[in-house]
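Source file input24.txt; content: compact mmCIF, C-alpha atoms.
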```txt
# COMPACT_ATOMS: atom_id res chain seq x y z
CA MET A 170 -4.29 -32.43 -3.15
CA SER A 171 -6.88 -30.43 -5.12
CA THR A 172 -9.42 -31.99 -7.40
CA PRO A 173 -9.86 -30.40 -10.83
CA SER A 174 -13.16 -28.78 -9.75
CA GLU A 175 -11.65 -27.04 -6.69
CA PRO A 176 -9.62 -23.87 -7.01
CA PRO A 177 -6.09 -24.71 -5.89
CA ALA A 178 -4.73 -23.12 -2.74
CA TYR A 179 -2.52 -20.08 -3.22
CA GLU A 180 -0.71 -19.68 0.08
CA PRO A 181 2.97 -20.07 0.93
CA GLY A 182 3.75 -23.77 1.28
CA SER A 183 0.70 -24.78 -0.76
CA THR A 184 0.43 -25.98 -4.31
CA VAL A 185 0.30 -23.17 -6.84
CA PRO A 186 -1.41 -23.74 -10.17
CA ALA A 187 1.12 -24.49 -12.89
CA THR A 188 0.01 -21.64 -15.10
CA LYS A 189 2.06 -18.75 -16.33
CA THR A 190 -0.45 -16.28 -14.88
CA ALA A 191 -0.28 -17.86 -11.41
CA ARG A 192 3.53 -17.98 -11.58
CA HIS A 193 3.67 -14.29 -12.60
CA ALA A 194 1.34 -13.36 -9.72
CA LEU A 195 3.50 -15.29 -7.26
CA ILE A 196 6.72 -13.70 -8.59
CA THR A 197 5.16 -10.25 -8.27
CA ARG A 198 4.08 -11.04 -4.71
CA ILE A 199 7.52 -12.36 -3.75
CA LEU A 200 9.32 -9.35 -5.23
CA GLY A 201 6.91 -7.04 -3.41
CA HIS A 202 7.64 -8.60 0.00
CA GLU A 203 11.21 -9.89 -0.15
CA ARG A 204 14.53 -8.40 -1.19
CA ILE A 205 15.55 -10.75 -4.01
CA ARG A 206 19.05 -10.08 -5.36
CA SER A 207 19.39 -12.79 -8.00
CA GLN A 208 17.44 -15.17 -10.19
CA ALA A 209 18.82 -18.04 -8.10
CA GLU A 210 17.29 -16.48 -4.96
CA LEU A 211 13.99 -16.04 -6.79
CA ARG A 212 14.02 -19.68 -7.95
CA GLU A 213 14.61 -20.76 -4.33
CA ALA A 214 11.74 -18.54 -3.11
CA LEU A 215 9.45 -20.05 -5.76
CA ALA A 216 10.56 -23.59 -4.87
CA ARG A 217 9.74 -22.95 -1.17
CA ARG A 218 6.21 -22.20 -2.39
CA GLY A 219 5.93 -25.34 -4.49
CA VAL A 220 6.80 -23.86 -7.88
CA ALA A 221 9.67 -25.35 -9.86
CA THR A 222 10.91 -23.41 -12.87
CA THR A 223 13.89 -23.41 -15.17
CA GLN A 224 16.31 -20.51 -15.29
CA ALA A 225 15.26 -19.79 -18.90
CA THR A 226 11.56 -19.65 -17.98
CA LEU A 227 12.29 -17.46 -14.98
CA SER A 228 14.36 -15.13 -17.16
CA ARG A 229 11.46 -14.80 -19.63
CA ASP A 230 9.03 -14.23 -16.74
CA LEU A 231 11.15 -11.36 -15.40
CA VAL A 232 11.27 -9.74 -18.85
CA GLU A 233 7.50 -10.12 -19.33
CA LEU A 234 6.86 -8.63 -15.87
CA ARG A 235 9.28 -5.78 -16.68
CA ALA A 236 11.21 -6.61 -13.52
CA THR A 237 14.41 -4.67 -13.15
CA LYS A 238 17.12 -4.36 -10.58
CA VAL A 239 17.06 -1.22 -8.49
CA ARG A 240 19.39 -0.03 -5.77
CA GLY A 241 17.79 -0.50 -2.40
CA ALA A 242 18.92 0.60 1.02
CA GLY A 243 22.67 0.33 1.44
CA GLY A 244 23.24 0.18 -2.30
CA THR A 245 22.16 -3.45 -2.63
CA GLN A 246 20.55 -4.22 -5.99
CA VAL A 247 17.23 -6.05 -5.75
CA TYR A 248 14.59 -7.05 -8.28
CA ALA A 249 11.43 -4.96 -8.46
CA VAL A 250 8.31 -5.10 -10.60
CA PRO A 251 6.77 -1.75 -11.51
CA GLU A 252 3.08 -1.71 -10.71
CA ALA A 253 0.82 0.29 -12.95
CA GLY A 254 -2.07 2.28 -11.57
CA ALA A 255 -5.52 1.88 -12.97
CA PRO A 256 -5.67 3.39 -16.47
CA GLY A 257 -7.52 6.67 -16.52
CA GLN A 258 -7.51 6.92 -12.74
CA VAL A 259 -8.17 10.55 -11.85
CA PRO A 260 -8.23 11.88 -8.30
CA PRO A 261 -11.57 13.35 -7.25
CA ALA A 262 -11.78 17.13 -7.52
CA GLY A 263 -11.77 19.20 -4.37
CA ASP A 264 -10.07 16.64 -2.10
CA ASP A 265 -6.84 18.63 -1.64
CA ASP A 266 -7.57 19.09 2.09
CA GLU A 267 -7.46 15.36 2.86
CA PRO A 268 -4.53 14.23 5.02
CA LEU A 269 -1.67 12.74 3.01
CA ALA A 270 -1.51 9.75 5.36
CA GLU A 271 -4.94 8.60 4.12
CA HIS A 272 -3.49 8.26 0.61
CA THR A 273 -0.24 6.60 1.61
CA THR A 274 -0.11 3.09 0.20
CA ALA A 275 2.15 0.34 1.51
CA ARG A 276 3.94 0.48 -1.83
CA LEU A 277 4.62 4.22 -1.50
CA ALA A 278 5.88 3.79 2.06
CA ARG A 279 8.18 0.95 1.01
CA TRP A 280 9.66 2.76 -1.99
CA CYS A 281 10.15 5.96 0.01
CA ALA A 282 11.98 4.01 2.72
CA ASP A 283 14.14 2.25 0.14
CA LEU A 284 14.64 4.92 -2.52
CA VAL A 285 14.23 8.54 -1.36
CA VAL A 286 17.63 10.18 -0.95
CA THR A 287 16.50 13.82 -0.84
CA ALA A 288 13.35 15.87 -1.37
CA GLU A 289 13.52 19.59 -2.14
CA TRP A 290 10.98 21.99 -3.55
CA ALA A 291 10.88 25.32 -5.34
CA GLY A 292 7.51 26.86 -5.91
CA ASN A 293 5.03 24.15 -6.75
CA GLN A 294 7.72 21.72 -7.97
CA LEU A 295 9.20 18.99 -5.81
CA VAL A 296 12.41 17.21 -6.82
CA LEU A 297 13.01 13.74 -5.36
CA ARG A 298 16.44 12.12 -5.72
CA THR A 299 16.82 8.33 -5.79
CA PRO A 300 19.64 5.87 -6.40
CA ALA A 301 20.46 5.40 -10.09
CA GLY A 302 17.73 3.58 -12.01
CA ALA A 303 15.06 3.86 -9.31
CA ALA A 304 13.19 7.05 -10.21
CA GLN A 305 10.53 5.30 -12.34
CA LEU A 306 9.47 3.05 -9.46
CA LEU A 307 9.17 5.93 -7.01
CA ALA A 308 7.27 8.12 -9.50
CA SER A 309 4.85 5.29 -10.22
CA ALA A 310 4.20 4.82 -6.49
CA VAL A 311 3.58 8.56 -6.02
CA ASP A 312 1.23 8.61 -9.01
CA ASP A 313 -0.66 5.51 -7.85
CA ALA A 314 -1.17 6.95 -4.35
CA MET A 315 -2.98 9.96 -5.85
CA LEU A 316 -1.77 12.28 -3.10
CA PRO A 317 -4.03 15.34 -2.70
CA GLY A 318 -2.68 18.35 -4.57
CA VAL A 319 -0.23 16.32 -6.68
CA LEU A 320 -0.86 16.83 -10.39
CA GLY A 321 1.67 14.27 -11.64
CA CYS A 322 5.27 13.10 -11.86
CA ILE A 323 8.01 12.92 -14.45
CA ALA A 324 10.85 10.47 -13.81
CA GLY A 325 14.36 10.32 -15.16
CA ASP A 326 17.07 7.90 -14.04
CA ASP A 327 17.65 9.17 -10.50
CA THR A 328 15.32 12.17 -10.30
CA VAL A 329 11.55 12.52 -9.97
CA LEU A 330 9.86 15.86 -10.68
CA VAL A 331 6.53 16.12 -8.83
CA ILE A 332 4.23 18.96 -9.89
CA THR A 333 1.79 20.13 -7.21
CA ARG A 334 -1.00 22.70 -7.07
CA SER A 335 0.92 25.11 -4.83
CA GLU A 336 4.15 25.73 -2.95
CA ALA A 337 2.40 24.81 0.31
CA VAL A 338 1.41 21.42 -1.14
CA ALA A 339 4.95 20.84 -2.42
CA ALA A 340 6.35 21.54 1.06
CA GLU A 341 3.78 19.26 2.71
CA VAL A 342 4.37 16.40 0.23
CA ALA A 343 8.16 16.74 0.64
CA ALA A 344 7.85 16.54 4.43
CA HIS A 345 5.50 13.55 4.18
CA LEU A 346 7.74 11.59 1.78
CA LEU A 347 10.85 12.36 3.84
CA ALA A 348 9.03 11.10 6.96
CA LEU A 349 8.22 7.86 5.10
CA ALA A 350 11.87 7.61 4.04
CA ASP A 351 13.11 7.83 7.64
CA PRO A 352 12.63 4.39 9.24
CA GLY A 353 12.98 5.98 12.71
CA SER A 354 9.90 8.14 12.19
CA ARG A 355 7.56 5.26 11.35
CA GLY A 356 5.53 3.72 14.11
```
In structure tokens, what does this structure look like?
Amino acid sequence: MSTPSEPPAYEPGSTVPATKTARHALITRILGHERIRSQAELREALARRGVATTQATLSRDLVELRATKVRGAGGTQVYAVPEAGAPGQVPPAGDDDEPLAEHTTARLARWCADLVVTAEWAGNQLVLRTPAGAAQLLASAVDDAMLPGVLGCIAGDDTVLVITRSEAVAAEVAAHLLALADPGSRG
């Protein structure tokens, strides 16, 4: 057991500090690594990590974290927490020749595998289709990855519009995201 002067352990199976911030961080971590379909499943996952919470508290936590249910692979609805990129984050100028793989985050790879249905481009615009309600998560992951040549994204309910610097970049980004979406192509 930790003494008040020691920072408490924060590993699965260890004691987690009984603060709202620590609980939110643990919920975010769980939702980022596990496919949680219900609040009951989330409560069980928290309990396995030494955190007991009421259903009402958990409900408030999910609202505060802006967690929503999205359709994952096979149409199963799972909870997800949108992660925001650093405010004001701007990709460095002149890095459009960098390989896309160097900018691929684990989050982008996961959301592509779970959410990309199709990717088509016309000119410098790339249109990504997702299951209903999932476009915001995918657009956020694309934005946060700061892929070379990508100027930004606009997300609707099931469609993400990605604006790139050129048709060649749009084609390359489409191929890259489709490769991430195909579990058979990942090594």
Mind checking which residues fall within 9 Å of Ala278 of chain A, counting all atoms listed in the file, ignoring those fewer than 6 positions away in the same chain, and posting them as a tab-separated table (two decimals) with C-alpha atoms, in the frame of the given file?
```tsv
chain	number	residue	atom	x	y	z
A	310	ALA	CA	4.20	4.82	-6.49
A	346	LEU	CA	7.74	11.59	1.78
A	349	LEU	CA	8.22	7.86	5.10
A	350	ALA	CA	11.87	7.61	4.04
```
| field | Exercise: Ala314 of chain A partners within 10 Å, only C-alpha atoms, chain neighbours under 6 positions left out, as a list in words | value | Gly254, Pro260, Leu269, Glu271, His272, Thr273, Thr274, Ala275, Arg276, Leu277 and Ala308 of chain A
| task | For Leu231 of chain A, list every protein, DNA or RNA residue within 12 Å, evaluated using all atoms listed in the file, and leave out those in the same chain fewer than 4 positions away; present the list as a ChimeraX atom specification. | result | /A:189,192-197,200,207-208,211-212,224-227,235-238,248-251
| Given the choices A:Arg217, A:Thr190, A:Ala209, A:Glu336, which gets closest to Leu234 of chain A if the distance is worked out from only C-alpha atoms? | A:Thr190
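Atom pair atom CA of Pro268 of chain A / atom CA of Pro300 of chain A has a distance of 28.0 Å (rounded to one decimal).
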| field | Å distance separating atom CA of Ala191 of chain A from atom CA of Thr223 of chain A, one decimal place | value |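 That distance, rounded to one decimal, is 15.7 Å.
Of the listed residues A:Glu213, A:Asp230, A:Asp327, A:Asp283, the one whose atoms come nearest to Gln246 of chain A is A:Asp283, with distances taken using only C-alpha atoms.
Atom CA of Arg204 of chain A is positioned 26.8 Å from atom CA of Val342 of chain A.
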